[in-house]
Structures are given as structure tokens and as C-alpha cells.
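Report on the following structure.
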Amino acid sequence: MPLLPLAGGAIIALVAATFAFPWLEFVLTLAIAKGLAALGVAILLRGGLISIGHAMFFAVGAYATAFAMRDFGITDVFALILISAVISLAAGLLIGVYVVRYRAIFFAMLNLAISMVLFSLLSKFYGVTGGTDGLRVGTPTVLGMVLDAKDVATFLFYASIAAMVLAGLAVNAYFKSPLGEALSAVHTNEIRLEYLGIPVRGVLLVAYGLSALLAGIGGTFAAMTIGHVLPDMAYWTDSGHLVLVAVLGGISGVGGPFVGAVFLELVHTLAAGVTDAWNMIVGAALLGVIFFMPKGLIGFLRPAKKGDPA
């Protein structure tokens, strides 16, 4: 099935679902926010790198939003997204300069260690971060207009869809660019790239910065949607969740992380509303995908192409 009609149909289905079930606006906005962060993880997976600490950038974006509103009085949605994106990108490049020197388990564990340091700082600095109580995020404005909470929630839903589309197009173009092709080549033959004079660390730093940027944007959408930020956003289990979402959806296409995020969020929400044993239902659904869709949900929806990651 052609990819563009499939993507367009999926977006129409998401919008239609919110008309039938208005409560889905919150669930789907949060799912797309996590999908943006998972897309960042998927970028690194293209280069054979697994980050089990990437939730730190999700938290950086969320807390940047909270600080901007509390300390600087910035309430506009677009300004908050821009601020969080810039800060997350800067944090990603700063940390990336160090971590892209390493590979395999060393890369994964370094990201985990740095994320846990951030988690500890957010938890302990009560005077600045609110500690384990976190920080409240007020209702944002839209281009100077003050809307009620319901209208803001609706706006954030459509804004998250727009962000998803733009991020998908940008990352798809990145994958097809020389930098993106070099990133895939790092996974298969890094030494050959070095012999060709291609700066592998530079290639990985660009990928790391982009992945942090996407995670930060996801974090700001989550903060504005939930209305609260917590240190747990940087905890290692949330990083593992992002990796799970990326793999569950599949990394053979940019839509995979979003498909995985929506699927997991819907299964979680529906299962929790039916039984206290919702973990069993979520686990059974995940096992079904693992056993019967080894290339992820997106691999089931589109045929494999030459050059797609395994």
C-alpha cells in the first residue's frame, strides 16, 4: 500500500476518533508526544546505537516549558515549543560530544548514567524544580489569545499532529540525505567510512542532536497536555519505554514510532479501564506483536524495501 495514502488515512482516522470519543484527544496527544521522542530513539537505532537514557531530553523539554512559564512569564504555545526545542538541541549537542565516542553497551550505559544524574538533580533541588512534587504547567495561550482549557486541549491535539507530520517529513528527508545514508553505514561498516574520510563522530553527533531535539519537542507537548512535570519523566524506565515504542512500531519507516506509541497508549488506556490486571493485557498485546510482526507494526502495514534496517 502506498505510504502517503496510508499516512493520510491514519491521520484522518485519528481525527475522526476524537469526534466519536472526545476523551481520546488527551490520550492521542500524549501518544504523539511520546512518538516524537521515540522517533529520536529510532534515529539512533539506525546507526546501531541504543540509548536507554533518552527520556532525559523528554524531561529537558518538559521542564524548559515549566521554567519558561513560571520564571519568565512566557505562555505562548509556539514560543514554548521553540524554547524547549532550542534547549533540548543544545543539551543534546553538549552531551553528544562526549557520548558519541562510545558504542554498544558503553553508549547505552553512559546515556543511562547521565539521565539518572538528571533525575536525581530534578528530585533533590526542591527550591528550583519542586523536587518529587514537580512543577505545575499553566494553560498556555495561542498567539496571544487566552482560550479555555478544552479549546487549548483541542488546539494541542491538532498542533501535535502537525508536529508529527513535519517531524516525519524532516526525518525522512534526513534519512535520504548523505548524512542519513552515512548514519546507516555506521551500523554496517564504520571502519570503511573512516577510510573514506567521513567523520563518523560528526555524523553521530548530528543524529544525536536531532534525536534530542525531537525528544524535547515531545516533552513540551506532554508538559502542556498534562499540566504538570515530574522528575520521573527522566527516569530510566521511561527511557526503556521509548525504546520499546520505537521497536514495537518498527524503525523501517518514520511512521513506526508513532504507530507504536498510539498502539501502546490505546491498549494501556483501554485495558486499565476494564481491569486492574491491565499489565497482563498490555503484555499479551506486546507478545503478539513480537511473535507475529518481527519488523514491528509498520512492517506489517507496508512491504519491506531494499535498504530498510533489519
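Starting from 1 in every chain, residues are counted up; chains themselves are A, B, ... following the order of the C-alpha cells, and ligands are numbered from 1 as listed.
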
- [ ] Extract, using only C-alpha atoms, all DNA, RNA and protein residues at most 10 Å from A:Ala159, discarding same-chain residues fewer than 6 positions from it, and format them as a ChimeraX atom specification.
- [x] /A:29,77-78,153,165,221

Please save all heavy atoms of the selected residues as an mmCIF file, in the first residue's frame.
```cif
data_model
loop_
_atom_site.group_PDB
_atom_site.id
_atom_site.type_symbol
_atom_site.label_atom_id
_atom_site.label_comp_id
_atom_site.auth_asym_id
_atom_site.auth_seq_id
_atom_site.Cartn_x
_atom_site.Cartn_y
_atom_site.Cartn_z
ATOM 1 N N THR A 29 -2.827 12.935 22.038
ATOM 2 C CA THR A 29 -1.802 13.988 22.109
ATOM 3 C C THR A 29 -0.593 13.486 22.881
ATOM 4 O O THR A 29 0.559 13.708 22.470
ATOM 5 C CB THR A 29 -2.362 15.256 22.780
ATOM 6 O OG1 THR A 29 -3.529 15.692 22.094
ATOM 7 C CG2 THR A 29 -1.330 16.375 22.749
ATOM 8 N N VAL A 77 2.102 29.054 23.078
ATOM 9 C CA VAL A 77 2.416 27.676 22.698
ATOM 10 C C VAL A 77 3.636 27.603 21.782
ATOM 11 O O VAL A 77 4.560 26.813 22.008
ATOM 12 C CB VAL A 77 1.200 27.026 21.993
ATOM 13 C CG1 VAL A 77 1.616 25.734 21.304
ATOM 14 C CG2 VAL A 77 0.087 26.757 22.981
ATOM 15 N N PHE A 78 3.653 28.435 20.753
ATOM 16 C CA PHE A 78 4.731 28.356 19.768
ATOM 17 C C PHE A 78 6.068 28.798 20.364
ATOM 18 O O PHE A 78 7.116 28.217 20.051
ATOM 19 C CB PHE A 78 4.375 29.205 18.544
ATOM 20 C CG PHE A 78 3.142 28.734 17.841
ATOM 21 C CD1 PHE A 78 1.935 29.407 17.978
ATOM 22 C CD2 PHE A 78 3.170 27.592 17.059
ATOM 23 C CE1 PHE A 78 0.798 28.967 17.344
ATOM 24 C CE2 PHE A 78 2.023 27.132 16.414
ATOM 25 C CZ PHE A 78 0.832 27.826 16.560
ATOM 26 N N ALA A 153 -6.788 22.177 24.772
ATOM 27 C CA ALA A 153 -6.539 20.744 24.588
ATOM 28 C C ALA A 153 -6.755 20.341 23.132
ATOM 29 O O ALA A 153 -5.966 19.575 22.559
ATOM 30 C CB ALA A 153 -7.442 19.930 25.504
ATOM 31 N N VAL A 165 3.630 15.336 11.519
ATOM 32 C CA VAL A 165 3.799 15.345 10.062
ATOM 33 C C VAL A 165 5.107 16.022 9.676
ATOM 34 O O VAL A 165 5.888 15.502 8.865
ATOM 35 C CB VAL A 165 2.607 16.048 9.386
ATOM 36 C CG1 VAL A 165 2.871 16.230 7.896
ATOM 37 C CG2 VAL A 165 1.328 15.243 9.601
ATOM 38 N N PHE A 221 5.158 19.116 24.529
ATOM 39 C CA PHE A 221 3.760 18.773 24.269
ATOM 40 C C PHE A 221 3.172 18.004 25.452
ATOM 41 O O PHE A 221 2.025 18.239 25.852
ATOM 42 C CB PHE A 221 3.638 17.941 22.991
ATOM 43 C CG PHE A 221 3.456 18.768 21.751
ATOM 44 C CD1 PHE A 221 4.485 18.893 20.829
ATOM 45 C CD2 PHE A 221 2.263 19.430 21.507
ATOM 46 C CE1 PHE A 221 4.335 19.660 19.683
ATOM 47 C CE2 PHE A 221 2.088 20.204 20.359
ATOM 48 C CZ PHE A 221 3.137 20.320 19.448
#
```

Task: Top pick for closest residue to A:Leu248, considering A:Val128, A:Ala215, A:Ala91, A:Leu39 and counting only C-alpha atoms - done: A:Leu39

- [ ] Name the closest residue to A:Lys150 among the candidates A:Gly219, A:Tyr208, A:Pro22, A:Gly288; distances are taken between atoms, counting only C-alpha atoms.
- [x] A:Pro22

Hey, could you make a per-residue contact list for stretch 52-95 of chain A against stretch 235-246 of chain A with 8 Å as the cut-off, showing the nearest pair of atoms and its distance in Å to one decimal, counting only C-alpha atoms, sorted by chain and number, as a Markdown table?
```
| residue | atom | partner | partner_atom | distance |
| --- | --- | --- | --- | --- |
| A:Ile52 | CA | A:Ser239 | CA | 5.2 |
| A:Gly53 | CA | A:Ser239 | CA | 5.1 |
| A:His54 | CA | A:Ser239 | CA | 5.3 |
| A:Ala55 | CA | A:Ser239 | CA | 4.6 |
| A:Met56 | CA | A:Tyr235 | CA | 7.5 |
```

TODO: List the neighbours of A:Tyr102 out to 12 Å using only C-alpha atoms; skip same-chain residues closer than 3 positions along the sequence, and give me the result as number ranges by chain.
DONE: A: 48-51, 96-99, 105-111, 200-201, 204-205

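Taking atom CA of A:Ser115 as the reference point, atom CA of A:Ile87 is found at 15.8 Å.
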
Open item on the list: According to DSSP computed on the backbone, where in stretch 79-299 of chain A is there strand (DSSP E or B)? Give the residues as a list in words.
Closed with: Leu135, Arg136, Thr141, Val142, Met145, His228 and Val229 of chain A

- [ ] Between atom CA of A:Val267 and atom CA of A:Gly249, measure the distance and give it in Å to one decimal.
- [x] 13.6 Å

Open item on the list: One decimal, in Å: what's the spacing between atom CA of A:Gly218 and atom CA of A:Ile298?
Closed with: 20.5 Å

Task: Exercise: A:Leu36 partners within 8 Å, only C-alpha atoms, chain neighbours under 5 positions left out, as a PyMOL selection string - done: chain A and resi 164+167+214-215+217-218+257-258
